[in-house]
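Everything below belongs to start-v1.cif, which stores mmCIF, C-alpha atoms.
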```cif
data_query
loop_
_atom_site.label_atom_id
_atom_site.label_comp_id
_atom_site.auth_asym_id
_atom_site.auth_seq_id
_atom_site.Cartn_x
_atom_site.Cartn_y
_atom_site.Cartn_z
CA MET I 90 107.83 107.07 70.97
CA ARG I 91 105.52 108.22 68.18
CA LYS I 92 103.21 111.13 68.95
CA LYS I 93 100.03 109.05 68.98
CA MET I 94 101.60 106.51 71.28
CA THR I 95 102.90 109.26 73.60
CA ASP I 96 99.41 110.77 73.82
CA MET I 97 97.95 107.40 74.73
CA VAL I 98 100.54 106.70 77.44
CA PHE I 99 100.09 110.21 78.85
CA GLU I 100 96.33 109.75 79.03
CA GLY I 101 96.72 106.37 80.76
CA LEU I 102 99.19 107.71 83.32
CA LEU I 103 96.83 110.59 84.10
CA ARG I 104 93.86 108.26 84.63
CA LEU I 105 95.86 106.13 87.04
CA ALA I 106 97.49 109.06 88.83
CA ASP I 107 94.27 111.05 89.20
CA ASP I 108 92.42 108.05 90.68
CA ASN I 109 95.19 107.61 93.23
CA LEU I 110 95.60 111.29 94.04
CA ILE I 111 91.91 111.98 94.56
CA LEU I 112 91.32 108.89 96.69
CA GLY I 113 94.51 109.74 98.59
CA HIS I 114 93.13 113.21 99.28
CA ARG I 115 89.76 111.89 100.42
CA THR I 116 91.46 109.30 102.64
CA SER I 117 93.69 111.97 104.18
CA GLU I 118 90.55 113.82 105.33
CA TRP I 119 90.28 111.16 108.05
CA CYS I 120 93.51 112.31 109.67
CA GLY I 121 92.61 113.26 113.24
CA HIS I 122 89.00 112.05 112.84
CA ALA I 123 89.21 108.25 112.68
CA PRO I 124 87.26 106.25 115.28
CA THR I 125 90.36 104.83 117.00
CA LEU I 126 94.03 105.76 117.20
CA GLU I 127 95.05 102.70 115.17
CA GLU I 128 92.76 103.71 112.32
CA ASP I 129 93.97 107.26 112.61
CA LEU I 130 97.43 105.90 111.80
CA ALA I 131 96.22 103.45 109.18
CA LEU I 132 94.15 105.77 106.98
CA PRO I 133 96.74 108.57 106.63
CA ASN I 134 99.38 105.88 105.97
CA ILE I 135 97.23 104.58 103.13
CA ALA I 136 96.64 108.13 101.90
CA LEU I 137 100.40 108.60 101.83
CA ASP I 138 100.83 105.46 99.72
CA LEU I 139 98.11 106.57 97.29
CA ILE I 140 99.52 110.07 96.93
CA GLY I 141 103.00 108.58 96.55
CA HIS I 142 101.75 106.40 93.70
CA ALA I 143 100.13 109.45 92.10
CA GLN I 144 103.34 111.47 92.41
CA ALA I 145 105.47 108.78 90.78
CA LEU I 146 102.97 108.46 87.92
CA TYR I 147 102.77 112.25 87.42
CA ILE I 148 106.56 112.34 87.17
CA LEU I 149 106.41 109.78 84.35
CA ALA I 150 103.61 111.77 82.70
CA CYS I 151 105.55 115.08 82.86
CA GLU I 152 108.46 113.50 81.03
CA LEU I 153 106.10 112.92 78.11
CA ASN I 154 104.39 116.29 78.03
CA PRO I 155 106.46 119.49 78.16
CA LYS I 156 103.28 121.48 78.83
CA TYR I 157 103.62 120.55 82.49
CA ALA I 158 106.75 121.69 84.30
CA ASN I 159 106.63 119.13 87.08
CA GLU I 160 104.37 116.76 88.99
CA ASP I 161 102.94 119.58 91.09
CA ALA I 162 101.64 121.34 87.99
CA LEU I 163 99.71 118.19 87.10
CA ALA I 164 98.46 117.52 90.61
CA PHE I 165 97.56 121.04 91.64
CA LEU I 166 97.17 123.37 88.69
CA ARG I 167 94.77 121.73 86.28
CA LEU I 168 91.13 122.70 85.97
CA GLU I 169 88.28 120.48 87.07
CA HIS I 170 87.53 119.14 83.57
CA GLU I 171 91.18 118.17 83.07
CA TYR I 172 91.14 115.55 85.84
CA LYS I 173 90.48 112.01 84.59
CA ASN I 174 89.63 110.16 87.80
CA VAL I 175 86.53 107.99 88.13
CA LEU I 176 83.58 109.45 90.04
CA LEU I 177 83.87 106.75 92.73
CA VAL I 178 87.05 108.19 94.25
CA GLU I 179 85.83 111.79 94.47
CA GLN I 180 82.64 111.02 96.42
CA GLU I 181 82.55 112.21 100.01
CA ASN I 182 83.84 109.76 102.61
CA GLY I 183 80.57 109.21 104.44
CA HIS I 184 80.97 107.10 107.57
CA PHE I 185 83.95 104.87 108.32
CA GLY I 186 82.23 101.81 106.84
CA ASN I 187 81.53 103.66 103.60
CA THR I 188 85.17 104.78 103.47
CA VAL I 189 86.63 101.29 103.95
CA LEU I 190 84.17 99.77 101.49
CA ARG I 191 85.21 102.22 98.79
CA LEU I 192 88.87 101.56 99.64
CA PHE I 193 88.21 97.84 99.34
CA TYR I 194 86.53 98.27 95.94
CA PHE I 195 89.25 100.52 94.60
CA SER I 196 92.33 98.77 96.00
CA THR I 197 91.07 95.37 94.86
CA PHE I 198 90.55 96.81 91.38
CA MET I 199 94.03 98.40 91.42
CA LYS I 200 95.65 95.25 92.76
CA TYR I 201 94.53 93.27 89.71
CA PHE I 202 95.35 96.19 87.45
CA TRP I 203 98.96 96.43 88.73
CA GLU I 204 99.29 92.67 88.56
CA ALA I 205 98.29 92.69 84.89
CA LEU I 206 100.62 95.62 84.10
CA LYS I 207 103.45 93.81 85.84
CA GLU I 208 102.97 90.89 83.44
CA GLN I 209 102.44 92.93 80.32
CA CYS I 210 102.84 96.60 79.49
CA CYS I 211 104.56 98.12 76.48
CA PHE I 212 105.66 101.13 78.56
CA GLU I 213 108.62 99.70 80.44
CA LYS I 214 108.76 102.34 83.21
CA LEU I 215 105.16 101.67 84.20
CA LYS I 216 105.70 97.92 84.05
CA LYS I 217 108.58 98.21 86.51
CA PHE I 218 106.66 100.57 88.76
CA SER I 219 103.79 98.07 88.95
CA GLU I 220 106.06 95.48 90.55
CA LYS I 221 106.39 97.74 93.55
CA ALA I 222 102.90 99.27 93.54
CA VAL I 223 101.11 95.92 93.57
CA LEU I 224 102.66 95.05 96.94
CA GLU I 225 101.38 98.20 98.61
CA THR I 226 97.97 98.05 96.97
CA SER I 227 97.48 94.41 98.02
CA TYR I 228 98.09 95.49 101.58
CA HIS I 229 95.34 98.13 101.29
CA SER I 230 92.96 95.57 99.84
CA GLN I 231 93.75 93.17 102.67
CA TYR I 232 93.31 95.85 105.35
CA SER I 233 90.00 97.12 103.98
CA SER I 234 88.60 93.60 103.39
CA GLN I 235 89.14 92.86 107.08
CA TRP I 236 87.05 95.87 108.03
CA VAL I 237 84.31 94.97 105.55
CA ILE I 238 84.08 91.54 107.20
CA THR I 239 84.30 92.88 110.75
CA LEU I 240 81.55 95.45 110.18
CA GLY I 241 79.35 93.37 107.85
CA ASP I 242 79.52 90.41 110.19
CA GLY I 243 79.32 92.59 113.31
CA THR I 244 76.18 93.92 114.93
CA GLU I 245 72.81 94.50 113.34
CA GLU I 246 73.60 98.18 113.13
CA SER I 247 77.05 97.78 111.56
CA ASN I 248 75.63 95.30 109.03
CA ARG I 249 72.88 97.79 108.14
CA LYS I 250 75.42 100.58 107.72
CA MET I 251 77.55 98.42 105.41
CA SER I 252 74.48 97.47 103.38
CA ASP I 253 73.65 101.18 103.06
CA ALA I 254 77.23 101.86 101.94
CA ILE I 255 76.89 99.20 99.23
CA ILE I 256 73.75 100.90 97.93
CA ASN I 257 75.39 104.31 98.18
CA LEU I 258 78.48 103.33 96.16
CA GLU I 259 76.78 101.01 93.71
CA PRO I 260 76.08 103.60 90.96
CA PHE I 261 79.78 104.49 90.80
CA VAL I 262 81.36 101.02 90.58
CA GLY I 263 80.60 100.29 86.92
CA GLU I 264 82.76 103.16 85.69
CA LEU I 265 85.92 101.38 86.90
CA PHE I 266 85.33 98.73 84.23
CA SER I 267 83.73 100.84 81.50
CA GLU I 268 85.25 100.83 78.04
CA ASP I 269 85.88 103.75 75.74
CA ASN I 270 88.14 104.48 72.76
CA PHE I 271 91.15 104.85 75.03
CA THR I 272 90.69 101.55 76.89
CA ARG I 273 90.16 99.64 73.63
CA GLU I 274 93.19 101.18 71.97
CA SER I 275 95.44 100.81 75.01
CA PHE I 276 94.51 97.14 75.27
CA GLN I 277 95.22 96.60 71.57
CA LYS I 278 98.63 98.22 71.95
CA ASP I 279 99.54 96.12 75.01
CA PHE I 280 99.65 99.19 77.22
CA PHE I 281 96.71 98.54 79.56
CA PRO I 282 95.02 95.23 80.46
CA GLU I 283 91.56 94.12 79.37
CA LEU I 284 89.07 95.56 81.85
CA GLY I 285 86.66 92.66 81.39
CA LEU I 286 89.23 90.25 82.86
CA ILE I 287 89.98 92.59 85.77
CA CYS I 288 86.22 92.82 86.41
CA GLU I 289 85.89 89.01 86.62
CA LYS I 290 88.69 88.74 89.18
CA TRP I 291 87.36 91.73 91.09
CA LYS I 292 83.85 90.28 91.33
CA ALA I 293 85.14 86.91 92.52
CA GLU I 294 87.17 88.50 95.29
CA VAL I 295 84.47 90.94 96.40
CA GLN I 296 81.96 88.08 96.41
CA SER I 297 84.17 85.92 98.63
CA VAL I 298 84.66 88.77 101.12
CA PHE I 299 80.95 89.67 101.07
CA THR I 300 80.01 86.05 101.79
CA LYS I 301 82.12 86.16 104.96
CA ALA I 302 80.64 89.57 105.78
CA ASN I 303 76.97 88.57 105.30
CA LEU I 304 76.60 91.19 102.60
CA ASP I 305 75.09 90.94 99.13
CA LEU I 306 77.07 91.73 96.02
CA PRO I 307 75.15 94.29 93.96
CA ASN I 308 74.77 94.11 90.19
CA ILE I 309 77.73 95.78 88.60
CA THR I 310 76.31 97.68 85.67
CA LEU I 311 77.35 101.00 84.25
CA LYS I 312 75.16 103.67 85.82
CA LYS I 313 77.15 106.86 86.26
CA ARG I 314 80.18 107.80 84.25
CA GLY I 315 81.95 110.94 83.15
CA GLY I 316 85.12 111.18 85.22
CA ARG I 317 87.33 109.75 82.49
CA ASN I 318 86.13 112.57 80.21
CA GLY I 319 86.56 115.22 82.86
CA GLU I 320 82.85 115.44 83.70
CA HIS I 321 82.72 115.33 87.47
CA THR I 322 80.13 115.44 90.22
CA GLU I 323 79.44 118.58 92.24
CA VAL I 324 81.53 117.49 95.23
CA PHE I 325 84.67 117.47 93.09
CA GLY I 326 84.85 121.25 92.81
CA TYR I 327 84.90 121.58 96.58
CA LEU I 328 87.55 118.87 96.83
CA LEU I 329 89.78 120.68 94.32
CA SER I 330 89.47 124.04 96.04
CA ASP I 331 90.83 122.36 99.16
CA LEU I 332 93.47 120.30 97.33
CA GLN I 333 94.75 123.22 95.24
CA TYR I 334 94.59 125.92 97.87
CA MET I 335 98.32 126.07 98.69
CA GLN I 336 99.57 126.08 95.08
CA ARG I 337 96.99 128.68 94.05
CA THR I 338 97.75 130.91 97.03
CA PHE I 339 101.53 130.50 96.98
CA PRO I 340 102.40 129.65 93.36
CA ASN I 341 105.41 127.37 92.85
CA SER I 342 105.80 126.73 96.56
CA SER I 343 107.51 123.44 97.33
CA TRP I 344 108.51 121.43 100.37
CA MET N 157 136.41 107.82 87.88
CA ARG N 158 136.51 104.37 89.43
CA LYS N 159 138.17 105.90 92.45
CA ASN N 160 135.19 108.24 92.71
CA THR N 161 132.67 105.43 93.01
CA GLU N 162 134.79 103.91 95.79
CA LYS N 163 134.95 107.29 97.49
CA ALA N 164 131.17 107.62 97.16
CA TRP N 165 130.60 104.20 98.72
CA ASP N 166 132.85 105.20 101.63
CA VAL N 167 130.71 108.29 102.24
CA LEU N 168 127.33 106.66 101.72
CA ARG N 169 128.03 103.54 103.76
CA GLU N 170 127.78 105.64 106.92
CA LEU N 171 124.65 107.59 105.96
CA THR N 172 121.69 106.87 108.25
CA ASP N 173 117.97 106.67 107.60
CA PRO N 174 116.04 109.79 108.73
CA GLU N 175 113.19 107.79 110.30
CA LEU N 176 115.34 105.00 111.74
CA PRO N 177 118.47 106.97 112.67
CA PHE N 178 120.18 103.96 114.28
CA LEU N 179 120.22 102.21 110.89
CA THR N 180 122.30 103.07 107.87
CA LEU N 181 120.74 103.16 104.42
CA ASN N 182 123.17 100.42 103.61
CA ASP N 183 121.80 98.26 106.47
CA LEU N 184 118.33 98.78 105.00
CA GLY N 185 119.46 97.81 101.51
CA VAL N 186 118.18 101.07 100.07
CA ILE N 187 121.33 102.03 98.15
CA ARG N 188 121.51 99.61 95.24
CA ASP N 189 124.19 100.90 92.95
CA ILE N 190 126.66 103.68 92.31
CA LYS N 191 127.79 104.10 88.74
CA ILE N 192 128.99 106.52 86.13
CA LYS N 193 126.86 106.73 83.01
CA LYS N 194 127.93 109.10 80.24
CA ASP N 195 129.21 112.02 82.31
CA ASN N 196 126.73 111.55 85.12
CA PHE N 197 127.36 110.14 88.53
CA ILE N 198 124.29 108.08 89.40
CA VAL N 199 123.21 106.64 92.73
CA THR N 200 120.38 104.13 92.41
CA ILE N 201 118.10 103.76 95.39
CA ALA N 202 115.21 101.35 95.99
CA PRO N 203 112.50 103.12 98.01
CA THR N 204 111.11 101.02 100.88
CA TYR N 205 107.69 102.55 100.15
CA ILE N 206 106.80 104.60 97.08
CA GLY N 207 105.19 107.38 99.12
CA CYS N 208 107.68 107.28 101.99
CA PRO N 209 107.96 110.88 103.20
CA ALA N 210 111.58 110.29 104.22
CA LEU N 211 112.51 109.70 100.59
CA SER N 212 113.17 113.33 99.67
CA VAL N 213 115.29 113.73 102.82
CA ILE N 214 117.24 110.61 101.88
CA GLU N 215 117.84 111.98 98.39
CA ASP N 216 118.97 115.36 99.73
CA ASN N 217 121.27 113.68 102.24
CA ILE N 218 122.90 111.52 99.58
CA THR N 219 123.50 114.37 97.14
CA GLY N 220 124.53 116.69 100.00
CA GLU N 221 127.13 114.30 101.45
CA LEU N 222 128.56 113.54 98.02
CA LYS N 223 128.81 117.23 97.18
CA LYS N 224 131.03 117.66 100.25
CA VAL N 225 133.59 115.34 98.66
CA GLY N 226 133.27 117.01 95.27
CA ILE N 227 130.84 114.64 93.60
CA ASN N 228 127.71 115.93 91.87
CA ALA N 229 125.36 112.98 91.88
CA LEU N 230 121.98 112.27 90.36
CA ILE N 231 119.53 109.95 92.11
CA GLU N 232 117.65 107.27 90.24
CA LYS N 233 114.80 105.40 91.88
CA SER N 234 114.44 101.75 91.07
CA PHE N 235 111.19 99.83 91.56
CA SER N 236 112.22 96.62 89.85
CA PRO N 237 113.02 94.37 91.56
CA PRO N 238 110.97 96.00 94.34
CA TRP N 239 112.75 96.68 97.62
CA SER N 240 112.42 93.70 99.92
CA SER N 241 112.71 93.56 103.69
CA ASP N 242 114.96 90.55 103.06
CA TRP N 243 117.59 93.06 101.92
CA ILE N 244 118.01 94.37 105.47
CA SER N 245 121.39 93.19 106.72
CA GLU N 246 121.88 90.86 109.68
CA ASN N 247 123.48 93.76 111.52
CA GLY N 248 120.47 95.96 110.69
CA ARG N 249 118.08 93.38 112.11
CA LYS N 250 120.07 93.18 115.30
CA LYS N 251 120.11 96.95 115.72
CA MET N 252 116.37 97.16 115.07
CA GLU N 253 115.64 94.71 117.86
CA GLU N 254 117.95 96.60 120.22
CA PHE N 255 115.94 99.74 119.54
CA GLY N 256 112.62 98.05 120.29
CA ILE N 257 111.44 97.33 116.76
CA SER N 258 110.80 93.75 115.86
CA PRO N 259 112.66 93.03 112.60
CA PRO N 260 110.80 91.66 109.57
CA LEU N 261 110.57 87.90 109.12
CA LEU N 262 112.61 86.52 106.28
CA LYS N 263 110.48 85.46 103.32
CA ASP N 264 111.78 81.89 103.16
CA ARG N 265 111.21 81.46 106.89
CA ARG N 266 107.66 82.73 106.56
CA ASN N 267 106.90 79.95 104.14
CA LEU N 268 108.10 77.19 106.46
CA GLY N 269 105.50 75.04 108.14
CA ASP N 270 106.97 75.58 111.59
CA ALA N 271 104.56 77.82 113.51
CA THR N 272 107.17 79.66 115.59
CA SER N 273 109.06 80.76 112.47
CA LYS N 274 105.97 82.73 111.39
CA LYS N 275 105.48 84.38 114.73
CA VAL N 276 106.62 87.83 115.61
CA ARG N 277 108.94 88.01 118.61
CA CYS N 278 108.60 90.74 121.24
CA PRO N 279 111.76 92.91 121.12
CA GLN N 280 111.43 93.63 124.87
CA CYS N 281 111.02 90.22 126.47
CA THR N 282 111.60 87.91 123.43
CA SER N 283 108.27 86.14 123.91
CA PHE N 284 106.52 84.80 120.80
CA GLU N 285 103.14 85.36 122.46
CA THR N 286 102.30 88.48 120.52
CA GLU N 287 99.34 89.76 118.53
CA LYS N 288 98.84 92.26 115.74
CA VAL N 289 96.95 95.37 116.79
CA SER N 290 96.97 97.19 113.47
CA GLU N 291 98.34 96.70 109.96
CA PHE N 292 99.77 100.20 110.16
CA GLY N 293 102.16 101.63 112.74
CA SER N 294 104.00 104.91 113.17
CA THR N 295 105.38 104.81 109.62
CA ALA N 296 104.38 103.10 106.37
CA CYS N 297 107.03 100.40 106.84
CA LYS N 298 105.84 99.25 110.28
CA SER N 299 102.78 97.56 111.78
CA LEU N 300 101.64 97.70 115.39
CA TYR N 301 101.87 94.70 117.73
CA ARG N 302 101.30 93.96 121.40
CA CYS N 303 103.14 91.45 123.55
CA LEU N 304 100.78 89.22 125.54
CA ALA N 305 103.57 88.23 127.95
CA CYS N 306 105.04 91.59 129.01
CA LYS N 307 102.04 93.65 127.78
CA GLU N 308 104.27 96.12 125.97
CA PRO N 309 103.15 97.48 122.59
CA PHE N 310 105.81 97.50 119.87
CA ASP N 311 106.41 98.22 116.19
CA HIS N 312 107.04 95.35 113.81
CA PHE N 313 108.84 96.10 110.56
CA LYS N 314 106.59 94.76 107.78
CA CYS N 315 107.78 91.91 105.59
CA VAL N 316 107.67 92.90 101.95
#
```
The structure in this file should be written as structure tokens.
Amino acid sequence: MRKKMTDMVFEGLLRLADDNLILGHRTSEWCGHAPTLEEDLALPNIALDLIGHAQALYILACELNPKYANEDALAFLRLEHEYKNVLLVEQENGHFGNTVLRLFYFSTFMKYFWEALKEQCCFEKLKKFSEKAVLETSYHSQYSSQWVITLGDGTEESNRKMSDAIINLEPFVGELFSEDNFTRESFQKDFFPELGLICEKWKAEVQSVFTKANLDLPNITLKKRGGRNGEHTEVFGYLLSDLQYMQRTFPNSSW
Amino acid sequence: MRKNTEKAWDVLRELTDPELPFLTLNDLGVIRDIKIKKDNFIVTIAPTYIGCPALSVIEDNITGELKKVGINALIEKSFSPPWSSDWISENGRKKMEEFGISPPLLKDRRNLGDATSKKVRCPQCTSFETEKVSEFGSTACKSLYRCLACKEPFDHFKCV
């Protein structure tokens, strides 16, 4: 691969991996705290899938960039501004409804993203990986959509809490679909799909679930962004100090 | 060299899954290929789930067992085609049911119109009167069910 192409693929793998790692970490915070035993199994299982996706993507990224010895160096030893995840995934969990709504937003986005990569991606290893990842991500989208419907269409209180969660997450949704030099170039080079198309599919699916849930789809406009450039919100520093604790305290430790 | 791949198959055929120790990796359809490429001995595995925590144990077990017979193997993970629960052998399905886990439905049977073919059967009392309790069970590959006839909860291996 030519240098410019390698840089682009590396950047794309990092964006995908960081989104998955950070949401995986947030989701894992529910372990031992979920409202029922079933959910206490479900959320850590999903976290495991997300972190597994991140790990596989970091391994591909390391192969392209000798600066990083292995996937742990990418996951645990970068500085805050070197992470490329969207702001949505780093936000605190809030209540259970807020957590499943964010999972629904993200996994539905990722489902269409993997589906598109599976059809077309100039980086063969990622294309193959997408065939597997899309199956797991669809399952997360399905699981979380059920909860959005159950809670939205539940009691007055659960509906109110879901409506609050929609308002709470709304400023962060637009960044998933926001364009920059990287997204335009990666689309041109057949590496990543067109975000506009993903956005259309995403909106249609969220709308159909929200209709069943008696919830209103908010306007998806770009309000807050920065994650893709390494500009994060305050909560991210606290998340990283937790996430990186073991590697910083016991350097090079492994399982 | 060819002899070596046969020897490797003989060793690996017996290797069991760390989370489902009554099943062999071969029953699960996880070991896809054993081949020699350039001077490397390569075992290709298809992970059931990408983030399956048993994966590193599986890899260590494969390389460890092969080392015992003098083979230094490398592991390659394959995601395409993705691992399918249809790859679990008939024998594997039988053993699963014996150990109280309802085996995954076959994909072509799931698509049939017949309602019973889509239903999950209780591994304890064989009743089809069962309901899903949660999409996720004790491991990533299983979901949680309850039998309405004998009231026993049980794990159902997901169909993927």
Quiz item: Got a sec to resolve the PyMOL selection byres ((chain I) within 7 of (chain N)) on this structure and send the residues as a list in words?
Solution: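 Applying the expression gives Glu127, Leu130, Ala131, Asn134, Leu137, Asp138, Ile140, Gly141, His142, Lys217, Phe218, Glu220, Lys221 and Tyr232 of chain I.
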Practice problem: Give me the result of the PyMOL selection byres ((chain I and resi 166-180) around 9) on this file, residue by residue, as a ChimeraX atom specification. | Solution: /I:100,103-115,161-165,181-183,191-192,195,258,260-262,264-265,313-322,324-326,328-329,333,336-337
Self-check item: Computed interatomic separation between atom CA of N:Pro309 and atom CA of N:Leu176 (Å)
Solution: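 Separation of atom CA of N:Pro309 and atom CA of N:Leu176: 18.0 Å.
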Exercise. Name all residues at most 12 Å from N:Lys159 (count all atoms listed in the file; drop same-chain ones fewer than 6 positions away) and give them as a list of chain:residue names.
Key: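 Returned residues: N:Trp165, N:Asp166, N:Ile190, N:Lys191, N:Ile192, N:Ile227.
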Quiz item: Do you have the atom CA of N:Asn196-atom CA of N:Asp183 distance handy?
Solution: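 Taking atom CA of N:Asn196 as the start and atom CA of N:Asp183 as the end point, the length is 25.6 Å.
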Quiz item: Can you find the residues with an atom no farther than 12 Å from (118.8, 85.8, 116.8), counting all atoms listed in the file, and report them as a list in words?
Solution: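 Answer for this query, in the requested form: Glu246, Asn247, Gly248, Arg249, Lys250, Lys251, Met252, Glu253, Glu254, Ser258, Pro259, Leu261, Ser273, Arg277, Pro279 and Thr282 of chain N.
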List the neighbours of I:Glu283 out to 9 Å using all atoms listed in the file; skip same-chain residues closer than 6 positions along the sequence, and give me the result as a PDB file with C-alpha atoms, keeping the file's coordinate frame.
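Saved result, part_38.pdb, follows:
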```pdb
ATOM      1  CA  ALA I 205      98.290  92.690  84.890  1.00  0.00           C
ATOM      2  CA  THR I 272      90.690 101.550  76.890  1.00  0.00           C
ATOM      3  CA  ARG I 273      90.160  99.640  73.630  1.00  0.00           C
ATOM      4  CA  SER I 275      95.440 100.810  75.010  1.00  0.00           C
ATOM      5  CA  PHE I 276      94.510  97.140  75.270  1.00  0.00           C
ATOM      6  CA  GLN I 277      95.220  96.600  71.570  1.00  0.00           C
TER       7      GLN I 277
END
```
Quiz item: Out of N:Leu181, N:Cys315, N:Val276, N:Leu168, which residue has the shortest atom-to-atom distance to N:Leu222 when counting all atoms listed in the file?
Solution: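 Going through N:Leu181, N:Cys315, N:Val276, N:Leu168 one by one, the smallest distance to N:Leu222 is for N:Leu168.
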Once N, CA and C atoms are restored for stretch 258-277 of chain I, what would the output be as a PDB file, in the frame of the given file?
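Dumped to part-v6.pdb:
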```
ATOM      1  N   LEU I 258      77.359 103.330  97.117  1.00  0.00           N
ATOM      2  CA  LEU I 258      78.480 103.330  96.160  1.00  0.00           C
ATOM      3  C   LEU I 258      78.158 102.640  94.840  1.00  0.00           C
ATOM      4  N   GLU I 259      77.094 101.854  94.861  1.00  0.00           N
ATOM      5  CA  GLU I 259      76.780 101.010  93.710  1.00  0.00           C
ATOM      6  C   GLU I 259      76.731 101.746  92.362  1.00  0.00           C
ATOM      7  N   PRO I 260      76.134 102.944  92.271  1.00  0.00           N
ATOM      8  CA  PRO I 260      76.080 103.600  90.960  1.00  0.00           C
ATOM      9  C   PRO I 260      77.448 103.961  90.381  1.00  0.00           C
ATOM     10  N   PHE I 261      78.472 104.004  91.240  1.00  0.00           N
ATOM     11  CA  PHE I 261      79.780 104.490  90.800  1.00  0.00           C
ATOM     12  C   PHE I 261      80.765 103.381  90.456  1.00  0.00           C
ATOM     13  N   VAL I 262      80.404 102.124  90.746  1.00  0.00           N
ATOM     14  CA  VAL I 262      81.360 101.020  90.580  1.00  0.00           C
ATOM     15  C   VAL I 262      81.594 100.681  89.107  1.00  0.00           C
ATOM     16  N   GLY I 263      80.513 100.708  88.319  1.00  0.00           N
ATOM     17  CA  GLY I 263      80.600 100.290  86.920  1.00  0.00           C
ATOM     18  C   GLY I 263      81.639 101.074  86.105  1.00  0.00           C
ATOM     19  N   GLU I 264      81.847 102.332  86.474  1.00  0.00           N
ATOM     20  CA  GLU I 264      82.760 103.160  85.690  1.00  0.00           C
ATOM     21  C   GLU I 264      84.199 102.637  85.712  1.00  0.00           C
ATOM     22  N   LEU I 265      84.566 101.945  86.814  1.00  0.00           N
ATOM     23  CA  LEU I 265      85.920 101.380  86.900  1.00  0.00           C
ATOM     24  C   LEU I 265      86.198 100.454  85.712  1.00  0.00           C
ATOM     25  N   PHE I 266      85.155  99.763  85.258  1.00  0.00           N
ATOM     26  CA  PHE I 266      85.330  98.730  84.230  1.00  0.00           C
ATOM     27  C   PHE I 266      84.795  99.167  82.869  1.00  0.00           C
ATOM     28  N   SER I 267      84.390 100.423  82.749  1.00  0.00           N
ATOM     29  CA  SER I 267      83.730 100.840  81.500  1.00  0.00           C
ATOM     30  C   SER I 267      84.756 101.091  80.404  1.00  0.00           C
ATOM     31  N   GLU I 268      84.354 100.727  79.205  1.00  0.00           N
ATOM     32  CA  GLU I 268      85.250 100.830  78.040  1.00  0.00           C
ATOM     33  C   GLU I 268      84.993 102.131  77.287  1.00  0.00           C
ATOM     34  N   ASP I 269      86.031 102.653  76.688  1.00  0.00           N
ATOM     35  CA  ASP I 269      85.880 103.750  75.740  1.00  0.00           C
ATOM     36  C   ASP I 269      86.983 103.602  74.699  1.00  0.00           C
ATOM     37  N   ASN I 270      87.123 104.593  73.819  1.00  0.00           N
ATOM     38  CA  ASN I 270      88.140 104.480  72.760  1.00  0.00           C
ATOM     39  C   ASN I 270      89.527 104.250  73.347  1.00  0.00           C
ATOM     40  N   PHE I 271      89.824 104.982  74.429  1.00  0.00           N
ATOM     41  CA  PHE I 271      91.150 104.850  75.030  1.00  0.00           C
ATOM     42  C   PHE I 271      91.399 103.433  75.547  1.00  0.00           C
ATOM     43  N   THR I 272      90.439 102.872  76.301  1.00  0.00           N
ATOM     44  CA  THR I 272      90.690 101.550  76.890  1.00  0.00           C
ATOM     45  C   THR I 272      90.855 100.497  75.789  1.00  0.00           C
ATOM     46  N   ARG I 273      90.053 100.622  74.725  1.00  0.00           N
ATOM     47  CA  ARG I 273      90.160  99.640  73.630  1.00  0.00           C
ATOM     48  C   ARG I 273      91.517  99.760  72.931  1.00  0.00           C
ATOM     49  N   GLU I 274      91.926 100.982  72.672  1.00  0.00           N
ATOM     50  CA  GLU I 274      93.190 101.180  71.970  1.00  0.00           C
ATOM     51  C   GLU I 274      94.369 100.754  72.852  1.00  0.00           C
ATOM     52  N   SER I 275      94.303 101.117  74.134  1.00  0.00           N
ATOM     53  CA  SER I 275      95.440 100.810  75.010  1.00  0.00           C
ATOM     54  C   SER I 275      95.565  99.302  75.231  1.00  0.00           C
ATOM     55  N   PHE I 276      94.441  98.602  75.160  1.00  0.00           N
ATOM     56  CA  PHE I 276      94.510  97.140  75.270  1.00  0.00           C
ATOM     57  C   PHE I 276      95.129  96.549  74.003  1.00  0.00           C
ATOM     58  N   GLN I 277      94.669  97.067  72.853  1.00  0.00           N
ATOM     59  CA  GLN I 277      95.220  96.600  71.570  1.00  0.00           C
ATOM     60  C   GLN I 277      96.735  96.784  71.488  1.00  0.00           C
TER      61      GLN I 277
END
```
